[in-house]
Every structure is written in structure tokens, then in C-alpha cells.
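Shown next: upload.txt, given as compact mmCIF, C-alpha atoms.
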# COMPACT_ATOMS: atom_id res chain seq x y z
CA MET X 1 31.19 45.16 29.87
CA THR X 2 33.64 43.85 32.42
CA ASP X 3 32.94 41.21 35.04
CA PRO X 4 32.18 42.55 38.48
CA PRO X 5 35.02 41.91 40.98
CA ASP X 6 33.41 38.75 42.21
CA ASN X 7 36.26 36.57 43.34
CA PRO X 8 37.61 36.72 46.88
CA PRO X 9 40.85 38.68 47.42
CA GLU X 10 43.15 35.68 47.70
CA LEU X 11 42.14 34.54 44.22
CA ALA X 12 42.06 37.95 42.55
CA ARG X 13 44.71 38.42 39.91
CA PRO X 14 44.25 42.06 39.00
CA THR X 15 47.17 42.17 36.58
CA ALA X 16 46.17 39.04 34.61
CA PRO X 17 44.21 39.40 31.37
CA PRO X 18 40.75 37.78 31.04
CA ASP X 19 41.50 34.11 30.98
CA ARG X 20 39.26 31.32 29.71
CA ARG X 21 41.87 28.57 29.62
CA PRO X 22 41.20 25.46 31.71
CA GLY X 23 42.62 26.33 35.07
CA GLY X 24 42.12 30.04 34.37
CA ARG X 25 39.77 32.48 36.07
CA THR X 26 36.62 31.10 34.44
CA ALA X 27 37.50 27.58 35.51
CA ARG X 28 38.31 28.76 39.02
CA ILE X 29 34.98 30.51 39.39
CA ARG X 30 33.21 27.43 38.12
CA ALA X 31 35.05 25.24 40.63
CA GLN X 32 34.19 27.62 43.49
CA VAL X 33 30.54 27.77 42.49
CA LEU X 34 30.15 24.01 41.97
CA ASP X 35 31.87 23.30 45.29
CA ALA X 36 29.35 25.65 46.89
CA VAL X 37 26.44 23.89 45.16
CA ARG X 38 27.61 20.51 46.44
CA ALA X 39 28.09 21.85 49.95
CA GLU X 40 24.70 23.60 50.04
CA LEU X 41 23.00 20.56 48.55
CA GLY X 42 24.61 18.27 51.09
CA GLU X 43 23.63 20.53 53.98
CA HIS X 44 20.19 21.72 52.97
CA GLY X 45 19.07 19.56 50.03
CA TYR X 46 17.39 20.92 46.92
CA GLU X 47 14.93 22.73 49.18
CA GLY X 48 17.60 25.01 50.57
CA LEU X 49 19.53 25.54 47.34
CA THR X 50 19.33 29.13 46.14
CA MET X 51 21.32 31.20 43.69
CA GLU X 52 21.99 33.70 46.48
CA GLY X 53 23.18 31.05 48.93
CA VAL X 54 25.51 29.53 46.36
CA ALA X 55 26.94 32.91 45.33
CA ALA X 56 27.54 33.89 48.95
CA ARG X 57 29.16 30.58 49.85
CA ALA X 58 31.32 30.64 46.73
CA GLY X 59 32.35 34.26 47.30
CA VAL X 60 31.24 35.03 43.76
CA HIS X 61 29.00 37.91 42.71
CA ARG X 62 25.34 36.97 42.33
CA ALA X 63 25.20 38.55 38.89
CA THR X 64 27.93 36.20 37.68
CA VAL X 65 26.08 33.16 38.98
CA TYR X 66 22.82 34.24 37.36
CA ARG X 67 24.51 35.12 34.05
CA ARG X 68 26.37 31.87 33.78
CA TRP X 69 23.97 29.31 35.32
CA GLN X 70 20.57 31.06 35.00
CA ASP X 71 18.85 29.12 37.76
CA VAL X 72 19.15 26.28 40.26
CA GLY X 73 18.49 23.74 37.50
CA GLY X 74 21.48 25.12 35.61
CA LEU X 75 23.68 24.78 38.69
CA LEU X 76 22.61 21.18 39.28
CA ALA X 77 23.10 20.25 35.65
CA ASP X 78 26.62 21.70 35.72
CA VAL X 79 27.50 19.78 38.90
CA LEU X 80 26.42 16.60 37.12
CA ASP X 81 28.28 17.58 33.94
CA ALA X 82 31.39 18.24 36.02
CA ALA X 83 31.07 14.84 37.68
CA GLY X 84 31.29 13.28 34.22
CA GLU X 85 34.44 15.24 33.32
CA ASP X 86 36.73 13.40 35.70
CA ASP X 87 39.07 10.60 34.70
CA TRP X 88 37.29 7.93 36.72
CA GLN X 89 37.86 4.40 35.49
CA PRO X 90 36.16 1.23 36.71
CA PRO X 91 38.10 -1.03 39.11
CA ASN X 92 40.50 -3.55 37.61
CA THR X 93 41.07 -6.32 40.13
CA GLY X 94 41.68 -9.22 37.75
CA SER X 95 38.28 -10.91 38.04
CA LEU X 96 34.72 -9.99 37.10
CA ARG X 97 33.42 -10.64 40.57
CA GLY X 98 36.24 -8.65 42.13
CA ASP X 99 35.67 -5.73 39.77
CA LEU X 100 31.91 -5.66 40.37
CA THR X 101 32.39 -5.90 44.14
CA ALA X 102 34.88 -3.03 44.10
CA LEU X 103 32.50 -0.99 41.92
CA ASN X 104 29.63 -1.67 44.30
CA ASP X 105 31.82 -0.76 47.28
CA GLU X 106 32.44 2.63 45.65
CA ILE X 107 28.73 3.10 44.99
CA GLN X 108 27.73 2.09 48.51
CA GLU X 109 30.34 4.39 50.03
CA SER X 110 29.06 7.34 47.99
CA LEU X 111 25.46 6.65 48.97
CA VAL X 112 25.95 6.13 52.69
CA ALA X 113 28.13 9.24 53.07
CA GLN X 114 26.49 11.88 55.28
CA PRO X 115 25.59 14.00 53.49
CA SER X 116 25.50 12.07 50.22
CA VAL X 117 25.83 14.46 47.29
CA PRO X 118 24.98 11.76 44.71
CA GLU X 119 21.76 11.00 46.56
CA ALA X 120 20.91 14.69 46.84
CA LEU X 121 21.47 15.02 43.08
CA MET X 122 19.17 12.06 42.40
CA ALA X 123 16.52 13.63 44.61
CA ALA X 124 16.96 16.97 42.84
CA SER X 125 16.61 15.32 39.44
CA PHE X 126 12.95 14.62 40.27
CA ARG X 127 12.41 18.38 40.48
CA SER X 128 14.40 19.86 37.65
CA ALA X 129 14.13 18.60 34.08
CA GLN X 130 17.55 20.07 33.38
CA ALA X 131 19.07 18.17 36.30
CA ALA X 132 17.23 15.00 35.22
CA HIS X 133 18.74 15.26 31.76
CA ALA X 134 22.24 15.81 33.14
CA GLN X 135 21.77 12.95 35.62
CA HIS X 136 20.75 10.65 32.76
CA GLN X 137 23.86 11.69 30.79
CA LEU X 138 26.10 11.04 33.79
CA TRP X 139 24.68 7.54 34.30
CA GLU X 140 25.11 6.85 30.58
CA ASP X 141 28.73 7.95 30.74
CA ARG X 142 29.47 5.91 33.87
CA TYR X 143 27.90 2.73 32.52
CA ALA X 144 29.69 3.23 29.20
CA ARG X 145 33.04 3.49 31.00
CA CYS X 146 32.22 0.32 32.96
CA GLU X 147 31.81 -1.63 29.74
CA ALA X 148 35.62 -1.95 29.73
CA LEU X 149 35.27 -4.05 32.86
CA VAL X 150 32.96 -6.47 31.04
CA GLU X 151 35.20 -6.56 27.97
CA ARG X 152 38.15 -7.54 30.13
CA ALA X 153 36.10 -10.41 31.59
CA ILE X 154 35.22 -11.56 28.06
CA ASP X 155 38.92 -11.39 27.11
CA ARG X 156 39.80 -13.48 30.17
CA GLY X 157 37.21 -16.07 29.13
CA GLU X 158 35.06 -15.41 32.20
CA LEU X 159 32.07 -14.40 30.06
CA PRO X 160 30.63 -15.46 26.72
CA PRO X 161 31.61 -13.13 23.86
CA HIS X 162 28.08 -11.92 23.18
CA THR X 163 27.46 -10.63 26.68
CA ASP X 164 25.26 -7.54 26.97
CA ALA X 165 27.52 -5.38 29.14
CA ARG X 166 24.87 -2.84 30.07
CA ARG X 167 22.37 -5.42 31.31
CA LEU X 168 25.07 -7.13 33.35
CA LEU X 169 26.21 -3.83 34.88
CA ILE X 170 22.67 -2.82 35.77
CA ALA X 171 21.96 -6.20 37.35
CA ALA X 172 25.12 -5.85 39.43
CA THR X 173 24.56 -2.29 40.62
CA ALA X 174 20.77 -1.78 40.71
CA PRO X 175 20.22 -3.50 44.08
CA LEU X 176 22.47 -0.92 45.77
CA TYR X 177 20.56 2.07 44.45
CA HIS X 178 17.25 0.30 45.06
CA GLN X 179 17.99 -0.54 48.68
CA LEU X 180 19.89 2.58 49.69
CA VAL X 181 18.06 5.27 47.71
CA LEU X 182 14.51 4.01 47.17
CA LEU X 183 13.87 1.39 49.88
CA ARG X 184 15.99 3.26 52.44
CA THR X 185 17.08 0.07 54.15
CA ALA X 186 20.03 0.26 56.53
CA PRO X 187 23.36 -0.21 54.73
CA ASP X 188 24.41 -3.86 54.63
CA PRO X 189 28.17 -4.36 54.35
CA GLN X 190 27.55 -7.62 52.48
CA LEU X 191 25.35 -6.01 49.83
CA PRO X 192 28.13 -4.93 47.40
CA GLY X 193 29.57 -8.45 47.32
CA HIS X 194 26.20 -10.18 47.20
CA ALA X 195 24.99 -8.11 44.26
CA ALA X 196 28.30 -8.64 42.45
CA THR X 197 28.11 -12.40 43.01
CA THR X 198 24.51 -12.54 41.82
CA ALA X 199 25.38 -10.80 38.56
CA THR X 200 28.49 -12.94 38.08
CA LEU X 201 26.58 -16.20 38.58
CA ALA X 202 23.74 -15.06 36.31
CA ALA X 203 26.28 -14.02 33.66
CA ALA X 204 28.02 -17.40 33.81
CA ALA X 205 24.60 -19.04 33.34
CA GLY X 206 24.08 -16.99 30.17
CA ALA X 207 21.60 -14.44 31.53
CA PHE X 208 23.12 -11.55 29.60
CA THR X 209 24.07 -13.36 26.41
CA ARG X 210 22.77 -11.73 23.25
CA PRO X 211 21.92 -13.98 20.32
CA ALA X 212 24.93 -13.99 17.96
CA GLN X 213 24.20 -12.07 14.76
CA GLY X 214 25.38 -14.29 11.91
CA GLU X 215 28.93 -15.51 12.48
CA GLU X 216 31.16 -14.24 15.25
CA SER X 217 32.03 -10.67 14.44
CA MET N 1 -18.09 20.97 67.85
CA THR N 2 -19.74 19.50 64.78
CA ASP N 3 -18.03 18.87 61.48
CA PRO N 4 -18.55 21.53 58.89
CA PRO N 5 -20.80 20.38 56.03
CA ASP N 6 -17.84 19.31 53.99
CA ASN N 7 -19.11 16.54 51.79
CA PRO N 8 -20.79 17.21 48.45
CA PRO N 9 -24.59 17.02 48.33
CA GLU N 10 -24.82 13.58 46.73
CA LEU N 11 -22.88 12.08 49.62
CA ALA N 12 -24.52 14.03 52.42
CA ARG N 13 -26.59 11.90 54.76
CA PRO N 14 -28.07 14.49 57.10
CA THR N 15 -30.14 11.98 59.05
CA ALA N 16 -27.34 9.49 59.70
CA PRO N 17 -25.46 9.57 63.02
CA PRO N 18 -21.68 10.13 63.07
CA ASP N 19 -20.29 6.96 61.60
CA ARG N 20 -16.74 5.67 61.92
CA ARG N 21 -17.33 2.15 60.62
CA PRO N 22 -15.32 1.07 57.58
CA GLY N 23 -17.42 2.19 54.65
CA GLY N 24 -19.02 4.89 56.77
CA ARG N 25 -18.71 8.64 56.48
CA THR N 26 -15.15 8.78 57.82
CA ALA N 27 -14.02 6.14 55.36
CA ARG N 28 -15.79 7.90 52.51
CA ILE N 29 -14.14 11.21 53.26
CA ARG N 30 -10.77 9.47 53.45
CA ALA N 31 -11.38 7.82 50.07
CA GLN N 32 -12.38 11.16 48.51
CA VAL N 33 -9.35 12.94 49.93
CA LEU N 34 -6.85 10.23 48.98
CA ASP N 35 -8.28 10.05 45.45
CA ALA N 36 -7.77 13.79 45.24
CA VAL N 37 -4.18 13.50 46.49
CA ARG N 38 -3.38 10.87 43.85
CA ALA N 39 -4.99 12.95 41.11
CA GLU N 40 -3.23 16.18 42.15
CA LEU N 41 0.08 14.35 42.54
CA GLY N 42 -0.28 12.78 39.11
CA GLU N 43 -1.14 16.09 37.48
CA HIS N 44 1.13 18.51 39.31
CA GLY N 45 3.63 16.43 41.29
CA TYR N 46 4.62 17.17 44.87
CA GLU N 47 5.32 20.75 43.84
CA GLY N 48 1.67 21.43 43.12
CA LEU N 49 0.23 19.46 46.03
CA THR N 50 -1.48 21.73 48.56
CA MET N 51 -3.95 21.13 51.36
CA GLU N 52 -6.29 23.66 49.71
CA GLY N 53 -6.08 22.02 46.26
CA VAL N 54 -6.77 18.58 47.73
CA ALA N 55 -9.71 19.83 49.81
CA ALA N 56 -11.24 21.61 46.82
CA ARG N 57 -10.79 18.64 44.51
CA ALA N 58 -12.18 16.24 47.10
CA GLY N 59 -15.14 18.50 47.87
CA VAL N 60 -14.19 18.31 51.54
CA HIS N 61 -13.85 21.27 53.89
CA ARG N 62 -10.28 22.51 54.35
CA ALA N 63 -10.62 22.39 58.10
CA THR N 64 -11.36 18.67 57.96
CA VAL N 65 -8.31 18.00 55.82
CA TYR N 66 -6.04 20.01 58.13
CA ARG N 67 -7.49 18.40 61.26
CA ARG N 68 -7.15 14.88 60.00
CA TRP N 69 -3.94 14.96 57.92
CA GLN N 70 -2.12 18.04 59.32
CA ASP N 71 0.02 18.70 56.25
CA VAL N 72 1.05 17.44 52.82
CA GLY N 73 3.39 14.88 54.42
CA GLY N 74 0.42 13.47 56.30
CA LEU N 75 -1.59 13.17 53.09
CA LEU N 76 1.25 11.40 51.28
CA ALA N 77 1.84 9.03 54.17
CA ASP N 78 -1.84 8.11 54.21
CA VAL N 79 -1.89 7.46 50.44
CA LEU N 80 1.01 5.08 50.97
CA ASP N 81 -0.64 3.49 54.01
CA ALA N 82 -3.82 3.01 51.98
CA ALA N 83 -1.85 1.37 49.17
CA GLY N 84 -0.70 -1.23 51.67
CA GLU N 85 -4.25 -1.96 52.87
CA ASP N 86 -5.38 -3.68 49.68
CA ASP N 87 -5.55 -7.43 49.21
CA TRP N 88 -2.85 -7.56 46.55
CA GLN N 89 -1.14 -10.92 46.20
CA PRO N 90 1.88 -11.77 44.06
CA PRO N 91 1.29 -13.57 40.75
CA ASN N 92 0.96 -17.34 40.81
CA THR N 93 1.74 -18.70 37.36
CA GLY N 94 3.21 -22.07 38.30
CA SER N 95 6.89 -21.24 37.83
CA LEU N 96 9.38 -18.91 39.50
CA ARG N 97 10.36 -17.29 36.25
CA GLY N 98 6.72 -16.84 35.25
CA ASP N 99 5.84 -15.33 38.62
CA LEU N 100 8.77 -12.90 38.57
CA THR N 101 8.03 -11.87 34.99
CA ALA N 102 4.37 -11.22 35.83
CA LEU N 103 5.43 -9.27 38.93
CA ASN N 104 7.84 -7.18 36.86
CA ASP N 105 5.16 -6.60 34.22
CA GLU N 106 2.95 -5.13 36.95
CA ILE N 107 5.78 -2.95 38.21
CA GLN N 108 6.72 -1.72 34.73
CA GLU N 109 3.09 -0.96 33.92
CA SER N 110 2.70 1.11 37.08
CA LEU N 111 5.90 3.04 36.40
CA VAL N 112 5.32 3.85 32.73
CA ALA N 113 1.73 5.01 33.33
CA GLN N 114 1.28 8.70 32.57
CA PRO N 115 1.04 10.06 35.14
CA SER N 116 2.64 7.43 37.38
CA VAL N 117 1.38 7.84 40.95
CA PRO N 118 3.95 5.36 42.34
CA GLU N 119 6.77 7.36 40.76
CA ALA N 120 5.32 10.63 42.06
CA LEU N 121 5.17 9.07 45.55
CA MET N 122 8.81 7.97 45.30
CA ALA N 123 9.78 11.49 44.24
CA ALA N 124 7.76 12.95 47.12
CA SER N 125 9.42 10.64 49.60
CA PHE N 126 12.68 12.53 49.05
CA ARG N 127 10.97 15.63 50.42
CA SER N 128 8.87 14.46 53.31
CA ALA N 129 10.27 12.31 56.09
CA GLN N 130 6.74 11.16 56.87
CA ALA N 131 6.21 10.06 53.27
CA ALA N 132 9.64 8.40 53.25
CA HIS N 133 8.73 6.35 56.31
CA ALA N 134 5.37 5.32 54.81
CA GLN N 135 7.05 4.48 51.49
CA HIS N 136 9.56 2.27 53.32
CA GLN N 137 6.70 0.49 55.14
CA LEU N 138 4.85 -0.09 51.87
CA TRP N 139 7.93 -1.62 50.22
CA GLU N 140 8.45 -3.81 53.29
CA ASP N 141 4.87 -5.02 53.10
CA ARG N 142 5.02 -5.69 49.36
CA TYR N 143 8.28 -7.62 49.54
CA ALA N 144 6.98 -9.58 52.54
CA ARG N 145 3.87 -10.60 50.56
CA CYS N 146 6.09 -11.65 47.64
CA GLU N 147 7.94 -14.08 49.85
CA ALA N 148 5.03 -16.50 49.25
CA LEU N 149 6.13 -16.62 45.62
CA VAL N 150 9.60 -17.73 46.63
CA GLU N 151 8.24 -20.27 49.10
CA ARG N 152 6.11 -21.85 46.37
CA ALA N 153 9.21 -22.16 44.17
CA ILE N 154 11.05 -23.87 47.05
CA ASP N 155 8.08 -26.25 47.50
CA ARG N 156 8.16 -27.06 43.78
CA GLY N 157 11.87 -27.86 44.05
CA GLU N 158 12.84 -24.94 41.79
CA LEU N 159 14.95 -23.35 44.52
CA PRO N 160 17.17 -24.61 47.33
CA PRO N 161 15.40 -24.61 50.73
CA HIS N 162 17.68 -21.98 52.28
CA THR N 163 16.99 -19.32 49.66
CA ASP N 164 16.97 -15.72 50.91
CA ALA N 165 13.63 -14.61 49.48
CA ARG N 166 14.22 -10.90 49.99
CA ARG N 167 17.56 -10.84 48.16
CA LEU N 168 16.08 -12.83 45.28
CA LEU N 169 13.08 -10.49 45.03
CA ILE N 170 15.25 -7.39 45.07
CA ALA N 171 17.56 -8.81 42.40
CA ALA N 172 14.52 -9.55 40.24
CA THR N 173 12.80 -6.18 40.62
CA ALA N 174 15.57 -3.62 41.24
CA PRO N 175 16.56 -3.23 37.55
CA LEU N 176 13.05 -1.98 36.74
CA TYR N 177 13.08 0.75 39.36
CA HIS N 178 16.67 1.59 38.53
CA GLN N 179 16.10 1.99 34.81
CA LEU N 180 12.65 3.56 34.87
CA VAL N 181 12.86 5.77 37.96
CA LEU N 182 16.53 6.66 38.42
CA LEU N 183 18.20 6.20 35.02
CA ARG N 184 15.09 7.35 33.13
CA THR N 185 15.78 5.09 30.19
CA ALA N 186 12.98 4.48 27.72
CA PRO N 187 10.77 1.53 28.75
CA ASP N 188 12.00 -1.74 27.27
CA PRO N 189 9.25 -4.36 26.84
CA GLN N 190 11.85 -7.09 27.35
CA LEU N 191 13.06 -5.71 30.66
CA PRO N 192 10.52 -7.47 32.95
CA GLY N 193 11.36 -10.86 31.45
CA HIS N 194 15.10 -10.24 31.33
CA ALA N 195 15.29 -9.20 34.96
CA ALA N 196 13.14 -12.18 35.98
CA THR N 197 15.35 -14.57 34.02
CA THR N 198 18.51 -13.10 35.51
CA ALA N 199 17.25 -13.60 39.05
CA THR N 200 16.00 -17.12 38.25
CA LEU N 201 19.34 -18.19 36.76
CA ALA N 202 21.28 -16.63 39.63
CA ALA N 203 18.98 -18.38 42.13
CA ALA N 204 19.46 -21.74 40.44
CA ALA N 205 23.23 -21.16 40.67
CA GLY N 206 22.90 -20.64 44.42
CA ALA N 207 23.29 -16.84 44.51
CA PHE N 208 20.67 -16.38 47.21
CA THR N 209 21.33 -19.49 49.29
CA ARG N 210 21.87 -18.83 52.97
CA PRO N 211 24.20 -21.10 54.87
CA ALA N 212 22.07 -23.71 56.65
CA GLN N 213 22.05 -23.17 60.40
CA GLY N 214 22.78 -26.52 61.99
CA GLU N 215 20.40 -29.20 60.69
CA GLU N 216 17.45 -28.41 58.47
CA SER N 217 14.88 -26.62 60.57
For this file, produce the structure as C-alpha cells.
Amino acid sequence: MTDPPDNPPELARPTAPPDRRPGGRTARIRAQVLDAVRAELGEHGYEGLTMEGVAARAGVHRATVYRRWQDVGGLLADVLDAAGEDDWQPPNTGSLRGDLTALNDEIQESLVAQPSVPEALMAASFRSAQAAHAQHQLWEDRYARCEALVERAIDRGELPPHTDARRLLIAATAPLYHQLVLLRTAPDPQLPGHAATTATLAAAAGAFTRPAQGEES
Amino acid sequence: MTDPPDNPPELARPTAPPDRRPGGRTARIRAQVLDAVRAELGEHGYEGLTMEGVAARAGVHRATVYRRWQDVGGLLADVLDAAGEDDWQPPNTGSLRGDLTALNDEIQESLVAQPSVPEALMAASFRSAQAAHAQHQLWEDRYARCEALVERAIDRGELPPHTDARRLLIAATAPLYHQLVLLRTAPDPQLPGHAATTATLAAAAGAFTRPAQGEES
């Protein structure tokens, strides 16, 4: 069974063989479809997200979208998976407070964007178990990458060696999500810096220090 | 036009005049309907919340529910309004850290309950502007009441006089909502205390101190 001719003319490569390499036809269709999901989600929210709407916007045959993503939950999960496949690295400004402020600036910018795709994905994750799982994995991945930021601060002597990186990172970033996503307060340009400073001061006071297990490891 | 006989037999008071006092017939119908909304929301989420299901569960005529609450957004908003009408006061344990830990214990308990009505209301507030507004008002009210907790700590000399109560309270509580509602990590019994300690240490280090305006006021 061959794929239906579901890509728009400018992307059709009729003489090329089936191609599943990264950057090949499969990857291109995925990129088109996920772009369409993000655009539809941003414009209409989860409510207005349909397989048909995504297929039409992407210029991809409906049958392909159904076969590959099954349902709206599958589309959302793949958008979240794709978000975790980038080469994003946490800021590296030379100080813990600077790094956390820059991180929070990025978060605030993504959440106050109109429309905010990250916020739409969080909202959608309350409605699709598959999206919720993928959202959880994306957070895990992002916080894991940010641990490098904490390790650099330990290496610079800004933090005690037994600092719990995850707790520090959550303390630094949670107020942004809380205020912008849950409380829906107006964006405060000082919030990224305030939350970063709070976590930095608490860290210096030993708030995130784990008890050493035996000798220094 | 008279009301249809929409209350169940044990609550019917055929000889009583129309009664809009608190505790009267109007208040009783509201209590029955809001109980039904909470129960339906807990069992089925926003998805399964319908005017018909609420009316049936409450034993109240559909027409009454439509007339008084218009739609599901109206029901959700009234549940949130009702939550703000209680006489809840923040914990008073004698220390800032104790108060914040007790507050966080309450929050964690409400969020890990199965089903969690607060979490279902947060999820619903992504879908109904009316619920979102009521949710925002409820948070505002709760944080405003908690300011007493910060004022007591200032009076005890645990905090500098110019402490920004709201920022301190958000720092203390945000990690719970972030981890339990957005990140969906497994509940950690140490989290309420950890988040309280973090905020207390940051506060002692001056993280929430506002610049004094002129002389002490």
C-alpha cells in the first residue's frame, strides 16, 4: 500500500524513493503536521483542535494524520515530544542568580506570548492522558537539562555541594507558572528576577541542601 | 409564574412562603446544586459536567438550574464564589515556618484527594472564562486572608517590617501547585515543609523586603 499523495505540490518529490531519514519525507510531514497543531492550538485551543483541521492546515491527507497520530491526544503528545527533541540548553551567564533570571525571562516570555502554545499545551494536558504523560516527560527533560546550571554554581562555590538541584529549580521557576498560568495575574516584569533572587537567597541559606551521605562522594 | 416543584419531597415545604433569606429555600437549592456540581466534577471532570446531570443529581428542576446559572460556566463560577464565602482562616501555629507548613499541608491534602475538586476547578478554568474569573477571585481572596499570617510574623519580629506578604506567600505555596497540578509528580510528604522552609529562609535573607518609602509609615 502506498501513501496517498498528501503533501502539497511544492514539497512533492515524485522521483524520490520512500524516505524515512531525518529530514526526509516522513520528517517533513511530521514538521508540517506539528506546525499545524501548534497553530490551531494557539488560535482555537484544545476545543477547536480536530484531526480534520490539522490535516487541512498542514496540507496533508487526513488518512495519513489518522494513521500516524490516531487522535488529538496523539498529536498533542507528539508536539510535546518534539519540543523535547531540540538542543535547548539552560542559560550560562556566569552566576546562579543571572542564570535563573535568564531562565525565568525565557519562561515568562513563552507564557505571555499571544497565543501561548506552552500554556495551551498545559491546558490540553488536563484533557488528554496521553498529552499529560508527554507534558510530564517534557518537564522532566527540561528540569534535568537545567541541573547543569546548578552544577556550575556548585563548581563556582556559589552553592553547597549537596544541593538538591531539582528543588532549587522548582523554587526558582514555580512562581512564574503559578502566577501566569494558574492565578492569571498580569505579567510583572520584575517577577523573573524576584523569583530567581528568592531561590538564590534560599539556596545560600541552605534551603536545598541534602544531608551528606557518609563522606563527600 | 411559580417555580416548578423542583425540590425533593423531604425538602418540600408547601406551606412556607417564597423565602430568599440565607438558609431559606433559595439557599437550600443553591447548596444542593453546588454539591451536585462538585460531585459531578469530581467523578467526571468538566467533560462530563452538564446542566441536566447536575439538575438530576441535585433533585432540582432543570428549568431552575438554567434560569439561575445559565450554563456550566455559571455553575463553576458559583462553586468558586461559594468556596470564597466560608470563614476559612490561615493556620496560626506561633511561627512563620509552622504556619506556612500547615498551610501547605492543607493545600497538598486538597490536591491529592481523589477526586480533587480544587484541581478539577483549575482544569475547568482553562475552558470557561467565567470560571477563570471566579478562580482568580478565589485565589485573590485566599492570599489576602493569608496576609494576616505574614503580619503576625512581622509582629513577632520574625520578618522585616517591609515584607511583601503576597510574594512570600506565593514563594511558599507555588511549588505545591506546580508539582502536583502542572508537573504531576507523585506527592512528596516532605514537600509542604520544604517549600515552607525555603520561603522562610529566603524571607529571613530579605528576599521579600520592599524598599521603605520615606520614613516608616
Exercise. Would you list the contacts of His178 of chain N as a list of chain:residue names, taking every protein, DNA or RNA residue within 8 Å and counting all atoms listed in the file, but skipping same-chain residues closer than 3 positions in sequence?
Key: X:Ile170, X:Ala174, X:Tyr177, X:His178, N:Ala174, N:Pro175, N:Val181, N:Leu182, N:Leu183
Exercise. Within 9 Å of Pro187 of chain X, counting only C-alpha atoms, which residues show up once you throw out same-chain ones fewer than 6 positions away? Write them as an MDAnalysis selection string, please.
Key: chainID X and resid 108 112 179:180
Exercise. Counting only C-alpha atoms, collect the residues of chain X whose closest atom lies at most 10 Å from chain N, and write them out as a PyMOL selection string.
Key: chain X and resi 45-47+119-120+122-127+132-133+135-140+167-168+170-179+181-185+191+194-208
Self-check item: Atomic distance atom CA of Ile154 of chain X - atom CA of Pro192 of chain X, expressed in Å with one decimal
Solution: 21.6 Å
Quiz item: Which residue out of X:Ala58, X:Ala165, X:Leu121, X:Val72 has the minimum interatomic distance to Ala144 of chain X when all atoms listed in the file are used?
Solution: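 Smallest separation from Ala144 of chain X among the options: X:Ala165.
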Can you sort out segment 112-127 of chain N so it carries N, CA, C and O atoms, written as a PDB file, keeping the file's coordinate frame?
ATOM      1  N   VAL N 112       5.365   3.146  34.020  1.00  0.00           N
ATOM      2  CA  VAL N 112       5.320   3.850  32.730  1.00  0.00           C
ATOM      3  C   VAL N 112       3.979   4.546  32.529  1.00  0.00           C
ATOM      4  O   VAL N 112       3.815   5.304  31.570  1.00  0.00           O
ATOM      5  N   ALA N 113       3.016   4.316  33.422  1.00  0.00           N
ATOM      6  CA  ALA N 113       1.730   5.010  33.330  1.00  0.00           C
ATOM      7  C   ALA N 113       1.987   6.519  33.339  1.00  0.00           C
ATOM      8  O   ALA N 113       2.916   6.996  33.983  1.00  0.00           O
ATOM      9  N   GLN N 114       1.193   7.242  32.587  1.00  0.00           N
ATOM     10  CA  GLN N 114       1.280   8.700  32.570  1.00  0.00           C
ATOM     11  C   GLN N 114      -0.020   9.286  33.064  1.00  0.00           C
ATOM     12  O   GLN N 114      -1.023   9.151  32.372  1.00  0.00           O
ATOM     13  N   PRO N 115      -0.062   9.933  34.188  1.00  0.00           N
ATOM     14  CA  PRO N 115       1.040  10.060  35.140  1.00  0.00           C
ATOM     15  C   PRO N 115       1.185   8.805  35.974  1.00  0.00           C
ATOM     16  O   PRO N 115       0.240   8.055  36.128  1.00  0.00           O
ATOM     17  N   SER N 116       2.397   8.584  36.511  1.00  0.00           N
ATOM     18  CA  SER N 116       2.640   7.430  37.380  1.00  0.00           C
ATOM     19  C   SER N 116       2.569   7.882  38.837  1.00  0.00           C
ATOM     20  O   SER N 116       3.456   8.591  39.314  1.00  0.00           O
ATOM     21  N   VAL N 117       1.507   7.471  39.526  1.00  0.00           N
ATOM     22  CA  VAL N 117       1.380   7.840  40.950  1.00  0.00           C
ATOM     23  C   VAL N 117       2.504   7.195  41.777  1.00  0.00           C
ATOM     24  O   VAL N 117       3.099   7.869  42.626  1.00  0.00           O
ATOM     25  N   PRO N 118       2.846   5.916  41.545  1.00  0.00           N
ATOM     26  CA  PRO N 118       3.950   5.360  42.340  1.00  0.00           C
ATOM     27  C   PRO N 118       5.248   6.165  42.185  1.00  0.00           C
ATOM     28  O   PRO N 118       5.962   6.396  43.158  1.00  0.00           O
ATOM     29  N   GLU N 119       5.539   6.587  40.946  1.00  0.00           N
ATOM     30  CA  GLU N 119       6.770   7.360  40.760  1.00  0.00           C
ATOM     31  C   GLU N 119       6.667   8.711  41.470  1.00  0.00           C
ATOM     32  O   GLU N 119       7.632   9.173  42.086  1.00  0.00           O
ATOM     33  N   ALA N 120       5.497   9.339  41.387  1.00  0.00           N
ATOM     34  CA  ALA N 120       5.320  10.630  42.060  1.00  0.00           C
ATOM     35  C   ALA N 120       5.482  10.457  43.584  1.00  0.00           C
ATOM     36  O   ALA N 120       6.033  11.330  44.255  1.00  0.00           O
ATOM     37  N   LEU N 121       5.020   9.325  44.108  1.00  0.00           N
ATOM     38  CA  LEU N 121       5.170   9.070  45.550  1.00  0.00           C
ATOM     39  C   LEU N 121       6.637   8.859  45.912  1.00  0.00           C
ATOM     40  O   LEU N 121       7.104   9.326  46.953  1.00  0.00           O
ATOM     41  N   MET N 122       7.371   8.143  45.045  1.00  0.00           N
ATOM     42  CA  MET N 122       8.810   7.970  45.300  1.00  0.00           C
ATOM     43  C   MET N 122       9.518   9.328  45.295  1.00  0.00           C
ATOM     44  O   MET N 122      10.363   9.615  46.150  1.00  0.00           O
ATOM     45  N   ALA N 123       9.166  10.149  44.312  1.00  0.00           N
ATOM     46  CA  ALA N 123       9.780  11.490  44.240  1.00  0.00           C
ATOM     47  C   ALA N 123       9.446  12.276  45.499  1.00  0.00           C
ATOM     48  O   ALA N 123      10.310  12.933  46.091  1.00  0.00           O
ATOM     49  N   ALA N 124       8.186  12.197  45.931  1.00  0.00           N
ATOM     50  CA  ALA N 124       7.760  12.950  47.120  1.00  0.00           C
ATOM     51  C   ALA N 124       8.464  12.462  48.370  1.00  0.00           C
ATOM     52  O   ALA N 124       8.696  13.235  49.307  1.00  0.00           O
ATOM     53  N   SER N 125       8.823  11.183  48.389  1.00  0.00           N
ATOM     54  CA  SER N 125       9.420  10.640  49.600  1.00  0.00           C
ATOM     55  C   SER N 125      10.833  11.172  49.833  1.00  0.00           C
ATOM     56  O   SER N 125      11.387  11.011  50.910  1.00  0.00           O
ATOM     57  N   PHE N 126      11.408  11.846  48.830  1.00  0.00           N
ATOM     58  CA  PHE N 126      12.680  12.530  49.050  1.00  0.00           C
ATOM     59  C   PHE N 126      12.473  13.855  49.782  1.00  0.00           C
ATOM     60  O   PHE N 126      13.417  14.492  50.205  1.00  0.00           O
ATOM     61  N   ARG N 127      11.214  14.287  49.904  1.00  0.00           N
ATOM     62  CA  ARG N 127      10.970  15.630  50.420  1.00  0.00           C
ATOM     63  C   ARG N 127      10.216  15.646  51.726  1.00  0.00           C
ATOM     64  O   ARG N 127      10.127  16.682  52.364  1.00  0.00           O
TER      65      ARG N 127
END
